[in-house]
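Printed here is entry-v1.txt (compact mmCIF, C-alpha atoms):
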```
# COMPACT_ATOMS: atom_id res chain seq x y z
CA MET A 1 17.15 -8.21 1.82
CA ALA A 2 19.52 -10.76 0.28
CA LEU A 3 18.82 -13.44 -2.29
CA ALA A 4 20.01 -16.97 -1.77
CA ASN A 5 22.76 -16.22 -4.31
CA GLY A 6 23.98 -13.40 -2.10
CA SER A 7 22.88 -10.41 -4.16
CA LYS A 8 21.17 -7.61 -2.29
CA ILE A 9 17.76 -6.42 -3.30
CA SER A 10 15.84 -3.49 -1.87
CA ASP A 11 12.21 -3.37 -0.82
CA ALA A 12 11.62 -0.95 -3.67
CA THR A 13 12.95 -3.49 -6.18
CA VAL A 14 10.70 -6.20 -4.78
CA ARG A 15 7.74 -3.85 -5.14
CA ARG A 16 8.68 -3.16 -8.75
CA LEU A 17 8.96 -6.88 -9.46
CA SER A 18 5.36 -7.26 -8.31
CA LYS A 19 4.40 -4.54 -10.76
CA TYR A 20 6.38 -6.07 -13.63
CA TYR A 21 4.62 -9.35 -12.94
CA ARG A 22 1.25 -7.65 -13.40
CA SER A 23 2.41 -5.85 -16.54
CA LEU A 24 3.59 -9.13 -18.04
CA LYS A 25 0.27 -10.78 -17.28
CA TYR A 26 -1.51 -7.83 -18.90
CA ALA A 27 0.78 -8.02 -21.95
CA TYR A 28 0.41 -11.78 -22.31
CA ASP A 29 -3.39 -11.58 -22.07
CA ARG A 30 -3.25 -9.12 -24.98
CA GLY A 31 -1.24 -11.46 -27.16
CA MET A 32 2.28 -10.08 -26.63
CA ARG A 33 4.89 -12.83 -26.56
CA THR A 34 8.00 -10.65 -26.27
CA ILE A 35 8.41 -7.34 -24.50
CA SER A 36 11.20 -4.75 -24.38
CA SER A 37 12.56 -3.10 -21.24
CA GLN A 38 11.28 0.16 -22.74
CA GLU A 39 7.73 -1.21 -22.96
CA LEU A 40 7.86 -2.57 -19.42
CA ALA A 41 9.22 0.78 -18.28
CA GLU A 42 6.43 2.77 -19.93
CA MET A 43 3.77 0.54 -18.38
CA ASN A 44 5.18 1.39 -14.95
CA ASN A 45 6.37 4.97 -15.42
CA LEU A 46 10.00 3.97 -14.99
CA THR A 47 13.12 4.16 -17.13
CA ALA A 48 14.24 1.24 -19.27
CA ALA A 49 17.58 1.32 -17.44
CA GLN A 50 15.78 0.77 -14.12
CA VAL A 51 13.86 -2.18 -15.53
CA ARG A 52 17.02 -3.78 -16.93
CA LYS A 53 18.84 -3.27 -13.64
CA ASP A 54 16.02 -4.81 -11.59
CA LEU A 55 15.74 -7.83 -13.85
CA SER A 56 19.48 -8.37 -14.05
CA PHE A 57 19.45 -9.22 -10.32
CA PHE A 58 17.83 -12.47 -11.32
CA GLY A 59 19.92 -13.23 -14.34
CA ALA A 60 17.16 -12.18 -16.72
CA PHE A 61 18.76 -10.39 -19.65
CA GLY A 62 16.75 -9.31 -22.67
CA ARG A 63 18.01 -9.97 -26.19
CA ARG A 64 18.90 -7.01 -28.34
CA GLY A 65 16.11 -6.23 -30.78
CA LEU A 66 13.82 -8.82 -29.22
CA GLY A 67 13.53 -8.05 -25.52
CA TYR A 68 12.28 -10.57 -23.01
CA TYR A 69 10.02 -13.56 -23.57
CA VAL A 70 6.86 -12.57 -21.70
CA ALA A 71 5.93 -16.03 -20.41
CA ASP A 72 9.49 -16.89 -19.34
CA LEU A 73 9.97 -13.62 -17.51
CA GLN A 74 6.60 -13.89 -15.81
CA ARG A 75 7.44 -17.41 -14.64
CA ASN A 76 10.84 -16.31 -13.35
CA ILE A 77 9.43 -13.39 -11.41
CA ALA A 78 6.70 -15.59 -9.94
CA ARG A 79 9.35 -18.00 -8.72
CA ILE A 80 11.45 -15.19 -7.22
CA LEU A 81 8.45 -13.65 -5.46
CA GLY A 82 7.37 -17.05 -4.20
CA ILE A 83 3.99 -16.78 -5.93
CA ASN A 84 4.52 -19.82 -8.16
CA LYS A 85 2.83 -21.78 -5.38
CA THR A 86 -0.03 -21.10 -2.97
CA TRP A 87 0.26 -19.87 0.61
CA ASN A 88 -2.27 -20.61 3.32
CA VAL A 89 -3.01 -17.40 5.17
CA ALA A 90 -4.76 -16.62 8.45
CA LEU A 91 -6.75 -13.44 8.90
CA VAL A 92 -7.11 -12.01 12.40
CA GLY A 93 -9.98 -9.54 12.70
CA ALA A 94 -13.38 -9.85 11.04
CA GLY A 95 -14.23 -6.14 11.13
CA ASN A 96 -14.72 -3.90 8.13
CA ILE A 97 -11.20 -4.19 6.78
CA GLY A 98 -10.98 -7.91 7.50
CA ARG A 99 -14.23 -8.63 5.69
CA ALA A 100 -13.12 -6.49 2.75
CA LEU A 101 -9.91 -8.53 2.54
CA LEU A 102 -11.87 -11.79 2.51
CA ASP A 103 -13.47 -10.51 -0.66
CA TYR A 104 -10.23 -9.21 -2.19
CA ASP A 105 -9.65 -11.17 -5.39
CA GLN A 106 -6.05 -10.07 -5.77
CA PHE A 107 -4.93 -12.21 -2.83
CA ARG A 108 -6.48 -15.34 -4.28
CA GLN A 109 -5.20 -14.60 -7.78
CA GLN A 110 -1.63 -14.30 -6.53
CA GLY A 111 -1.92 -17.54 -4.55
CA PHE A 112 -2.57 -16.18 -1.05
CA LEU A 113 -5.50 -18.24 0.24
CA ILE A 114 -7.20 -17.07 3.41
CA LYS A 115 -7.96 -20.40 5.06
CA VAL A 116 -9.08 -19.29 8.49
CA VAL A 117 -10.41 -16.10 10.03
CA PHE A 118 -10.30 -15.24 13.73
CA ASP A 119 -11.93 -12.72 16.00
CA ASN A 120 -12.37 -12.40 19.76
CA ASP A 121 -15.84 -10.84 19.58
CA PRO A 122 -18.57 -13.34 20.62
CA ASN A 123 -20.93 -11.52 18.25
CA LYS A 124 -18.68 -12.37 15.32
CA ILE A 125 -17.42 -15.83 16.23
CA GLY A 126 -19.48 -18.39 14.31
CA ASN A 127 -20.62 -15.95 11.64
CA VAL A 128 -19.84 -16.99 8.08
CA TYR A 129 -18.25 -14.45 5.72
CA HIS A 130 -17.39 -15.44 2.17
CA GLY A 131 -17.73 -19.09 3.10
CA LEU A 132 -15.44 -18.94 6.13
CA GLU A 133 -16.73 -19.35 9.66
CA VAL A 134 -15.13 -16.91 12.10
CA ARG A 135 -13.10 -18.85 14.71
CA ASP A 136 -12.37 -17.92 18.29
CA PHE A 137 -8.88 -16.41 18.49
CA ASN A 138 -8.42 -18.34 21.73
CA ASN A 139 -8.05 -21.47 19.59
CA VAL A 140 -5.52 -19.93 17.25
CA GLU A 141 -2.69 -22.45 17.85
CA GLU A 142 -4.66 -25.46 16.69
CA GLU A 143 -6.05 -23.80 13.57
CA ILE A 144 -2.70 -22.36 12.54
CA ARG A 145 -1.08 -25.77 12.91
CA ASN A 146 -3.83 -27.64 11.10
CA ASN A 147 -3.74 -25.24 8.16
CA LYS A 148 0.09 -25.09 7.99
CA ILE A 149 -0.01 -21.31 8.04
CA LYS A 150 3.14 -19.18 7.83
CA ILE A 151 1.58 -15.85 6.85
CA ALA A 152 -1.01 -13.95 8.88
CA ILE A 153 -2.89 -10.76 8.12
CA ILE A 154 -3.70 -8.53 11.10
CA ALA A 155 -6.77 -6.31 10.80
CA VAL A 156 -7.54 -5.51 14.42
CA PRO A 157 -7.71 -2.21 16.33
CA ALA A 158 -4.30 -0.77 17.23
CA GLN A 159 -4.60 -1.54 20.93
CA PHE A 160 -4.95 -5.28 20.28
CA ALA A 161 -2.32 -5.63 17.56
CA GLN A 162 0.74 -6.40 19.68
CA SER A 163 -0.99 -9.03 21.83
CA VAL A 164 -2.29 -10.71 18.67
CA VAL A 165 1.22 -10.67 17.23
CA ASP A 166 2.70 -12.12 20.43
CA ARG A 167 0.26 -15.01 20.22
CA LEU A 168 1.04 -15.57 16.53
CA ILE A 169 4.76 -15.66 17.35
CA GLU A 170 4.07 -18.55 19.74
CA CYS A 171 2.26 -20.30 16.88
CA LYS A 172 5.42 -20.01 14.75
CA VAL A 173 3.81 -17.77 12.13
CA ARG A 174 6.75 -16.40 10.10
CA ALA A 175 5.35 -13.33 8.35
CA ILE A 176 2.73 -10.69 9.10
CA LEU A 177 0.88 -8.22 6.93
CA ASN A 178 -0.19 -5.58 9.42
CA PHE A 179 -3.16 -3.27 8.78
CA ALA A 180 -3.21 -1.92 12.34
CA PRO A 181 -1.88 1.65 12.51
CA ILE A 182 0.88 0.82 14.98
CA THR A 183 4.48 -0.38 14.84
CA ILE A 184 4.51 -3.96 16.06
CA GLN A 185 7.50 -5.64 17.70
CA VAL A 186 8.59 -9.02 16.40
CA PRO A 187 11.65 -11.23 16.86
CA ASP A 188 14.48 -11.13 14.33
CA ASN A 189 13.37 -14.22 12.46
CA MET A 190 9.97 -12.82 11.53
CA PHE A 191 8.95 -10.59 8.63
CA VAL A 192 6.49 -7.72 8.85
CA ARG A 193 4.97 -5.48 6.20
CA ASN A 194 2.78 -2.59 7.25
CA GLU A 195 -0.10 -1.72 4.99
CA ASN A 196 -1.02 1.89 5.53
CA MET A 197 -3.51 3.14 2.98
CA ALA A 198 -3.07 6.75 4.08
CA ILE A 199 0.51 6.78 2.81
CA GLU A 200 -0.60 6.47 -0.80
CA ILE A 201 -3.15 9.26 -0.50
CA GLU A 202 -0.44 11.49 1.01
CA ALA A 203 1.51 11.10 -2.22
CA LEU A 204 -1.51 12.67 -3.93
CA SER A 205 -1.72 15.63 -1.57
CA PHE A 206 2.05 16.02 -2.02
CA ALA A 207 1.60 16.10 -5.79
CA LEU A 208 -1.29 18.58 -5.66
CA THR A 209 0.65 20.78 -3.25
CA ASN A 210 4.04 20.83 -4.95
CA ARG A 211 3.46 20.50 -8.64
CA LYS A 212 1.66 22.87 -10.88
CA GLU A 213 2.70 21.68 -14.32
CA PRO A 214 1.13 18.65 -16.01
CA GLN A 215 2.65 15.22 -15.52
CA ARG A 216 1.96 11.64 -16.35
CA THR A 217 0.43 9.24 -13.82
CA MET A 218 2.49 8.09 -10.89
CA SER A 219 2.54 4.36 -10.38
CA MET B 1 8.19 14.57 -9.29
CA ALA B 2 9.57 18.09 -8.88
CA LEU B 3 9.19 20.49 -6.02
CA ALA B 4 8.25 24.10 -6.63
CA ASN B 5 11.90 24.96 -5.95
CA GLY B 6 12.92 22.68 -8.81
CA SER B 7 14.49 19.83 -6.89
CA LYS B 8 13.50 16.36 -7.96
CA ILE B 9 12.02 13.93 -5.49
CA SER B 10 11.16 10.30 -6.10
CA ASP B 11 8.00 8.47 -5.14
CA ALA B 12 10.11 6.43 -2.73
CA THR B 13 11.25 9.60 -0.97
CA VAL B 14 7.68 10.83 -0.63
CA ARG B 15 6.72 7.48 0.88
CA ARG B 16 9.58 7.74 3.36
CA LEU B 17 8.50 11.28 4.31
CA SER B 18 5.09 9.88 5.24
CA LYS B 19 6.84 7.35 7.45
CA TYR B 20 9.10 9.96 9.07
CA TYR B 21 6.01 12.00 9.82
CA ARG B 22 4.51 9.07 11.71
CA SER B 23 7.77 8.38 13.54
CA LEU B 24 7.96 12.02 14.63
CA LYS B 25 4.41 11.92 15.92
CA TYR B 26 5.21 8.72 17.81
CA ALA B 27 8.39 10.28 19.26
CA TYR B 28 6.63 13.50 20.26
CA ASP B 29 3.81 11.61 21.96
CA ARG B 30 6.48 9.86 24.04
CA GLY B 31 8.06 13.10 25.17
CA MET B 32 10.99 13.36 22.74
CA ARG B 33 11.68 16.94 21.70
CA THR B 34 14.78 16.34 19.56
CA ILE B 35 15.63 13.35 17.40
CA SER B 36 18.76 12.28 15.52
CA SER B 37 18.88 11.02 11.95
CA GLN B 38 20.12 7.75 13.44
CA GLU B 39 17.03 7.44 15.64
CA LEU B 40 14.70 8.25 12.75
CA ALA B 41 16.59 5.73 10.64
CA GLU B 42 16.26 2.94 13.20
CA MET B 43 12.53 3.55 13.55
CA ASN B 44 12.17 2.96 9.82
CA ASN B 45 14.87 0.36 9.12
CA LEU B 46 16.87 2.81 7.04
CA THR B 47 20.35 4.29 7.21
CA ALA B 48 21.00 7.66 8.85
CA ALA B 49 22.55 8.83 5.57
CA GLN B 50 19.28 8.08 3.74
CA VAL B 51 17.29 10.05 6.31
CA ARG B 52 19.64 13.05 6.10
CA LYS B 53 19.52 12.97 2.30
CA ASP B 54 15.71 12.82 2.22
CA LEU B 55 15.34 15.67 4.68
CA SER B 56 17.96 17.84 3.01
CA PHE B 57 15.65 18.09 -0.03
CA PHE B 58 13.54 20.40 2.08
CA GLY B 59 16.31 22.38 3.67
CA ALA B 60 15.95 20.53 6.96
CA PHE B 61 19.43 20.02 8.38
CA GLY B 62 19.98 18.55 11.83
CA ARG B 63 22.41 20.15 14.25
CA ARG B 64 25.48 18.17 15.20
CA GLY B 65 25.03 16.58 18.61
CA LEU B 66 21.40 17.67 18.81
CA GLY B 67 19.62 16.39 15.75
CA TYR B 68 16.28 17.76 14.60
CA TYR B 69 13.60 19.49 16.62
CA VAL B 70 10.75 16.99 16.52
CA ALA B 71 7.88 19.48 16.36
CA ASP B 72 9.57 21.67 13.73
CA LEU B 73 10.43 18.74 11.50
CA GLN B 74 6.95 17.28 11.83
CA ARG B 75 5.42 20.63 10.86
CA ASN B 76 7.76 20.99 7.90
CA ILE B 77 7.01 17.53 6.58
CA ALA B 78 3.27 18.08 7.02
CA ARG B 79 3.54 21.24 4.93
CA ILE B 80 5.56 19.47 2.23
CA LEU B 81 3.12 16.55 2.07
CA GLY B 82 0.18 18.95 1.99
CA ILE B 83 -1.31 17.43 5.15
CA ASN B 84 -1.09 20.65 7.16
CA LYS B 85 -4.63 21.30 5.93
CA THR B 86 -7.68 19.15 5.26
CA TRP B 87 -8.76 17.74 1.91
CA ASN B 88 -12.34 16.94 1.01
CA VAL B 89 -12.42 13.52 -0.60
CA ALA B 90 -15.06 11.63 -2.60
CA LEU B 91 -15.36 7.87 -2.37
CA VAL B 92 -16.80 6.00 -5.34
CA GLY B 93 -17.99 2.50 -4.46
CA ALA B 94 -19.81 1.51 -1.27
CA GLY B 95 -18.87 -2.17 -1.39
CA ASN B 96 -16.73 -4.01 1.14
CA ILE B 97 -13.56 -2.04 0.52
CA GLY B 98 -15.38 1.28 0.28
CA ARG B 99 -17.18 0.74 3.57
CA ALA B 100 -13.92 -0.31 5.24
CA LEU B 101 -12.34 2.93 4.02
CA LEU B 102 -15.19 4.98 5.47
CA ASP B 103 -14.20 3.55 8.83
CA TYR B 104 -10.45 4.01 8.29
CA ASP B 105 -9.23 6.41 10.96
CA GLN B 106 -5.89 7.05 9.29
CA PHE B 107 -7.51 9.07 6.51
CA ARG B 108 -9.27 11.36 8.95
CA GLN B 109 -6.20 11.70 11.16
CA GLN B 110 -4.08 12.84 8.22
CA GLY B 111 -6.72 15.35 7.12
CA PHE B 112 -8.40 13.41 4.30
CA LEU B 113 -12.11 13.79 4.96
CA ILE B 114 -14.49 11.61 2.99
CA LYS B 115 -17.34 14.04 2.41
CA VAL B 116 -19.45 12.11 -0.07
CA VAL B 117 -19.81 8.49 -1.13
CA PHE B 118 -21.25 7.30 -4.44
CA ASP B 119 -22.52 4.06 -5.86
CA ASN B 120 -24.63 3.10 -8.87
CA ASP B 121 -26.42 0.22 -7.15
CA PRO B 122 -30.05 1.11 -6.32
CA ASN B 123 -29.79 -1.24 -3.32
CA LYS B 124 -27.00 0.87 -1.87
CA ILE B 125 -28.06 4.40 -2.84
CA GLY B 126 -29.72 6.01 0.16
CA ASN B 127 -28.13 3.68 2.71
CA VAL B 128 -26.19 5.40 5.46
CA TYR B 129 -22.71 4.15 6.33
CA HIS B 130 -20.70 5.86 9.05
CA GLY B 131 -23.03 8.83 8.90
CA LEU B 132 -22.81 9.32 5.13
CA GLU B 133 -25.73 8.66 2.83
CA VAL B 134 -24.73 6.89 -0.37
CA ARG B 135 -25.41 9.16 -3.37
CA ASP B 136 -26.28 8.19 -6.90
CA PHE B 137 -23.15 8.35 -9.05
CA ASN B 138 -25.31 9.86 -11.79
CA ASN B 139 -25.32 13.07 -9.75
CA VAL B 140 -21.57 13.12 -9.25
CA GLU B 141 -20.90 16.52 -10.89
CA GLU B 142 -23.08 18.49 -8.52
CA GLU B 143 -21.79 16.80 -5.36
CA ILE B 144 -18.14 17.12 -6.38
CA ARG B 145 -18.63 20.80 -7.11
CA ASN B 146 -20.56 21.50 -3.90
CA ASN B 147 -17.93 19.80 -1.76
CA LYS B 148 -14.94 21.35 -3.59
CA ILE B 149 -13.40 17.94 -4.08
CA LYS B 150 -10.03 17.46 -5.77
CA ILE B 151 -9.22 13.92 -4.58
CA ALA B 152 -11.35 10.85 -5.23
CA ILE B 153 -10.95 7.28 -4.03
CA ILE B 154 -12.11 4.57 -6.42
CA ALA B 155 -13.25 1.29 -4.90
CA VAL B 156 -15.33 -0.22 -7.69
CA PRO B 157 -14.99 -3.47 -9.65
CA ALA B 158 -12.29 -3.39 -12.33
CA GLN B 159 -14.73 -3.29 -15.23
CA PHE B 160 -16.30 -0.04 -14.01
CA ALA B 161 -13.13 1.76 -13.00
CA GLN B 162 -12.28 3.51 -16.27
CA SER B 163 -15.79 4.82 -16.87
CA VAL B 164 -15.89 6.14 -13.31
CA VAL B 165 -12.54 7.84 -13.87
CA ASP B 166 -13.71 9.36 -17.17
CA ARG B 167 -16.67 10.88 -15.38
CA LEU B 168 -14.45 12.21 -12.57
CA ILE B 169 -12.17 13.82 -15.15
CA GLU B 170 -15.17 15.77 -16.46
CA CYS B 171 -15.80 16.90 -12.87
CA LYS B 172 -12.25 18.29 -12.71
CA VAL B 173 -11.10 15.94 -9.97
CA ARG B 174 -7.30 16.28 -9.91
CA ALA B 175 -6.10 13.15 -8.10
CA ILE B 176 -7.27 9.56 -7.74
CA LEU B 177 -6.44 6.82 -5.27
CA ASN B 178 -7.36 3.69 -7.17
CA PHE B 179 -8.23 0.42 -5.41
CA ALA B 180 -9.50 -1.26 -8.59
CA PRO B 181 -7.05 -3.87 -9.86
CA ILE B 182 -6.63 -2.24 -13.26
CA THR B 183 -4.43 0.41 -14.83
CA ILE B 184 -6.58 3.46 -15.43
CA GLN B 185 -5.94 6.05 -18.12
CA VAL B 186 -5.94 9.70 -17.16
CA PRO B 187 -4.89 12.96 -18.82
CA ASP B 188 -1.46 14.43 -18.13
CA ASN B 189 -2.68 16.93 -15.57
CA MET B 190 -4.10 14.31 -13.23
CA PHE B 191 -2.38 12.24 -10.53
CA VAL B 192 -3.07 8.59 -9.81
CA ARG B 193 -1.85 6.26 -7.10
CA ASN B 194 -2.75 2.60 -7.23
CA GLU B 195 -3.35 0.85 -3.95
CA ASN B 196 -2.76 -2.85 -4.41
CA MET B 197 -2.76 -4.72 -1.13
CA ALA B 198 -1.44 -7.89 -2.74
CA ILE B 199 1.87 -6.20 -3.50
CA GLU B 200 2.77 -5.94 0.17
CA ILE B 201 1.95 -9.58 0.87
CA GLU B 202 4.15 -10.57 -2.08
CA ALA B 203 7.08 -8.94 -0.28
CA LEU B 204 6.42 -11.44 2.51
CA SER B 205 6.35 -14.48 0.24
CA PHE B 206 9.53 -13.11 -1.37
CA ALA B 207 11.17 -12.90 2.06
CA LEU B 208 10.05 -16.39 3.10
CA THR B 209 11.20 -17.80 -0.23
CA ASN B 210 14.60 -16.15 -0.53
CA ARG B 211 15.94 -15.63 2.93
CA LYS B 212 16.80 -18.27 5.43
CA GLU B 213 18.79 -16.31 7.97
CA PRO B 214 17.16 -14.05 10.58
CA GLN B 215 16.55 -10.43 9.81
CA ARG B 216 14.92 -7.43 11.31
CA THR B 217 11.43 -6.27 10.25
CA MET B 218 10.92 -4.75 6.87
CA SER B 219 9.05 -1.47 6.89
```
Using C-alpha cells, write down the structure that the file contains.
Amino acid sequence: MALANGSKISDATVRRLSKYYRSLKYAYDRGMRTISSQELAEMNNLTAAQVRKDLSFFGAFGRRGLGYYVADLQRNIARILGINKTWNVALVGAGNIGRALLDYDQFRQQGFLIKVVFDNDPNKIGNVYHGLEVRDFNNVEEEIRNNKIKIAIIAVPAQFAQSVVDRLIECKVRAILNFAPITIQVPDNMFVRNENMAIEIEALSFALTNRKEPQRTMS
Amino acid sequence: MALANGSKISDATVRRLSKYYRSLKYAYDRGMRTISSQELAEMNNLTAAQVRKDLSFFGAFGRRGLGYYVADLQRNIARILGINKTWNVALVGAGNIGRALLDYDQFRQQGFLIKVVFDNDPNKIGNVYHGLEVRDFNNVEEEIRNNKIKIAIIAVPAQFAQSVVDRLIECKVRAILNFAPITIQVPDNMFVRNENMAIEIEALSFALTNRKEPQRTMS
C-alpha cells in the first residue's frame, strides 16, 4: 500500500491507525486535549516507538513534553483513513450476518452508511430490516448506480460469493468487505478485505495453549 | 506473546498463521501435497521471506526444491494455534450479532463449539436459536463450570460489557472475544481480543482514498 506522497504503509499500520483514531476519540470524550505517544501506546498495548513511527508516516510529530493535540491528530487520521466523509455502502445478503451488520452502529459512526441491501431469496426480498427494504439482487446495477456506491459488503454463503462479486465488478464497485469464508477473485483495480471472525478467536486458543504466565490484554 | 520455548511471536504473526492454515487446507483439498513458501506467500499477498520467517518460529523449515509437506505443516500449525482440539465456548448476548455467531460455521470448523448462550432479557431467555436454549445470565457460574468453558464471546451492548466481563472473571473464564465497541478491563492473567468489523472497512476507505493506481487484493 502506498500513500499519494509515495511512502509505503502496511496493512498492519492501517489497522493501528484505526485503533489510534478510537483511542483519540475516547481520550477527547474524557477531556484530554493533548496526548503522548506513551499514552497512545498504553491504550493499544504497543510501544511508544511504534506509535511515533506510525504517525510519522503522515507528518504528525508530537512536541517534546506536550505530545500530540488530540483533536488535530484525530482529524488527520480521519482524513488519511478516508473517514472524514461518508461512504454509501451496499450490503449483499440479508441472512443472519447481514441483518446483524445492518444493526452495527460502528459502521454508521465511522461514516459507512448501508444504503441498500440485496438478496436473491424471494422470501426475503421486500422485507424491511432496520428501515431498509431488501432489494432483488437481479436489479443490482440500477441501485448501485443510483446510490453512487463504491463499497459493498458481502454476507452470502460461500458458494454464491464469487458470482456476486463478478456482478459487482460489472457495476464498477471498487472495494469489497467479504464475510464469506472463501477467497474471492477480483481484478487488479479492486480492493478486498476478508472479515473472518474465527481468526481472532484462534489468537485466544493460541494464547491459552502457549502461554502459562500472566500477561496484559492483547489488542 | 511468548511461546513455551521462549521465542517471541507477534499478534501479526499469529494472524498470519491462521491464514496459512486456511491456505494449506485449500491446497490440500485441491490435491497439493507439497507447497513452497512462494506459493503460500502468493496465496496471502505476502513475501516468501515473510512466510519462511513466520514458519521458522516453530521449527518448520521447507526443503530446497520441494517446499513443505502440506499435511505436516497444517498439523503443526493447528497444534501451535491450539485448534488441534475442540474448545467449549460460551456466548453472552443473543441479539443480532450473537445469533449470527451461533450460525457461523467457521467457529465450528476450527473447533470452537458454542455450548451455551446467555442473555439477561426475559423475552430472549428460553428461546431456542440453532438448537441452543438461551440461559439466564444470572446462572452463568453453574453453566460455565458444567461446560468446562475457558473462552467466552461477548456480544452485548457497550454499556453492559464490563459488568458481563467482571462476572466472567469470577467464573474463571480465561479468554474473551469481545464484539462490544468498548475497551474492557481484565486482570493480567486473562486474554482479550476485540473484534471490530469497522476496522476492516476502514482499510477499504483508506485504499480508495490514498491509492489511484491498480493493485492486487489486500488480505
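For the set A:Pro157, A:Ala60, A:Tyr28, A:Val14, the residue with the smallest atom-to-atom gap to B:Asp103 is A:Pro157, counting all atoms listed in the file.
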Selection: 12 Å around B:Phe61, all atoms listed in the file, excl. self and same-chain fewer than 2 positions, as a short mmCIF file (atom, residue, chain, number, x, y, z; two decimals) with C-alpha atoms, in the frame of the given file:
```cif
data_model
loop_
_atom_site.label_atom_id
_atom_site.label_comp_id
_atom_site.auth_asym_id
_atom_site.auth_seq_id
_atom_site.Cartn_x
_atom_site.Cartn_y
_atom_site.Cartn_z
CA ILE B 35 15.63 13.35 17.40
CA SER B 36 18.76 12.28 15.52
CA SER B 37 18.88 11.02 11.95
CA ALA B 49 22.55 8.83 5.57
CA VAL B 51 17.29 10.05 6.31
CA ARG B 52 19.64 13.05 6.10
CA LYS B 53 19.52 12.97 2.30
CA ASP B 54 15.71 12.82 2.22
CA LEU B 55 15.34 15.67 4.68
CA SER B 56 17.96 17.84 3.01
CA PHE B 57 15.65 18.09 -0.03
CA PHE B 58 13.54 20.40 2.08
CA GLY B 59 16.31 22.38 3.67
CA ARG B 63 22.41 20.15 14.25
CA ARG B 64 25.48 18.17 15.20
CA LEU B 66 21.40 17.67 18.81
CA GLY B 67 19.62 16.39 15.75
CA TYR B 68 16.28 17.76 14.60
CA TYR B 69 13.60 19.49 16.62
CA ASP B 72 9.57 21.67 13.73
CA LEU B 73 10.43 18.74 11.50
CA ASN B 76 7.76 20.99 7.90
#
```
Suppose you want the space between atom CA of B:Gly65 and atom CA of A:Gln185; what is it in Å?
-> 28.3 Å
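Going from atom CA of B:Glu143 to atom CA of B:Val116 covers 7.4 Å.
Using all atoms listed in the file, the contacts of stretch 97-101 of chain B at a cut-off of 7 Å, with sequence neighbours closer than 6 positions omitted, comprise A:Asn96, A:Ile97, A:Ala100, B:Ala155.
Computed from the coordinates, the atom CA of B:Tyr104 to atom CA of B:Gly131 distance equals 13.5 Å.
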What's the 12 Å shell around B:Gly93, counting all atoms listed in the file, without same-chain residues fewer than 3 positions away, as a PyMOL selection string?
-> chain B and resi 90+96-102+116-121+124-125+129+134-137+152-158+160-161+164+178-180
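Near (8.3, -5.1, -4.5), the residues that fall inside 9 Å on the basis of all atoms listed in the file are Ser10, Asp11, Ala12, Thr13, Val14, Arg15, Arg16, Leu17, Ser18, Lys19 and Leu81 of chain A; Ile199, Glu200, Glu202, Ala203 and Phe206 of chain B.
Each of A:Met32, A:Ala78, A:Val165, A:Leu91 was checked against chain B using all atoms listed in the file; the smallest atom-to-atom distance is that of A:Ala78.
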Of B:Arg75, B:Arg33, B:Arg22, B:Arg167, the one nearest to chain A when counting only C-alpha atoms is B:Arg22
Find the residues near B:Lys115: any atom within 7 Å, counting only C-alpha atoms, skip ones fewer than 2 places away on the same chain, and give them as a compact mmCIF listing (two decimals) with C-alpha atoms, in the frame of the given file.
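Written file, part-v4.txt:
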```txt
# COMPACT_ATOMS: atom_id res chain seq x y z
CA ASN B 88 -12.34 16.94 1.01
CA VAL B 89 -12.42 13.52 -0.60
CA ALA B 90 -15.06 11.63 -2.60
CA LEU B 113 -12.11 13.79 4.96
```
Residue nearest chain B - candidates A:Ile83, A:Ala48, A:Ala94, A:Leu132, atoms counted: all atoms listed in the file | A:Ile83
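Each of A:Thr86, A:Gln106, A:Asn45, A:Asn189 was compared to A:Ile149 using all atoms listed in the file, and A:Thr86 turns out to be the nearest.
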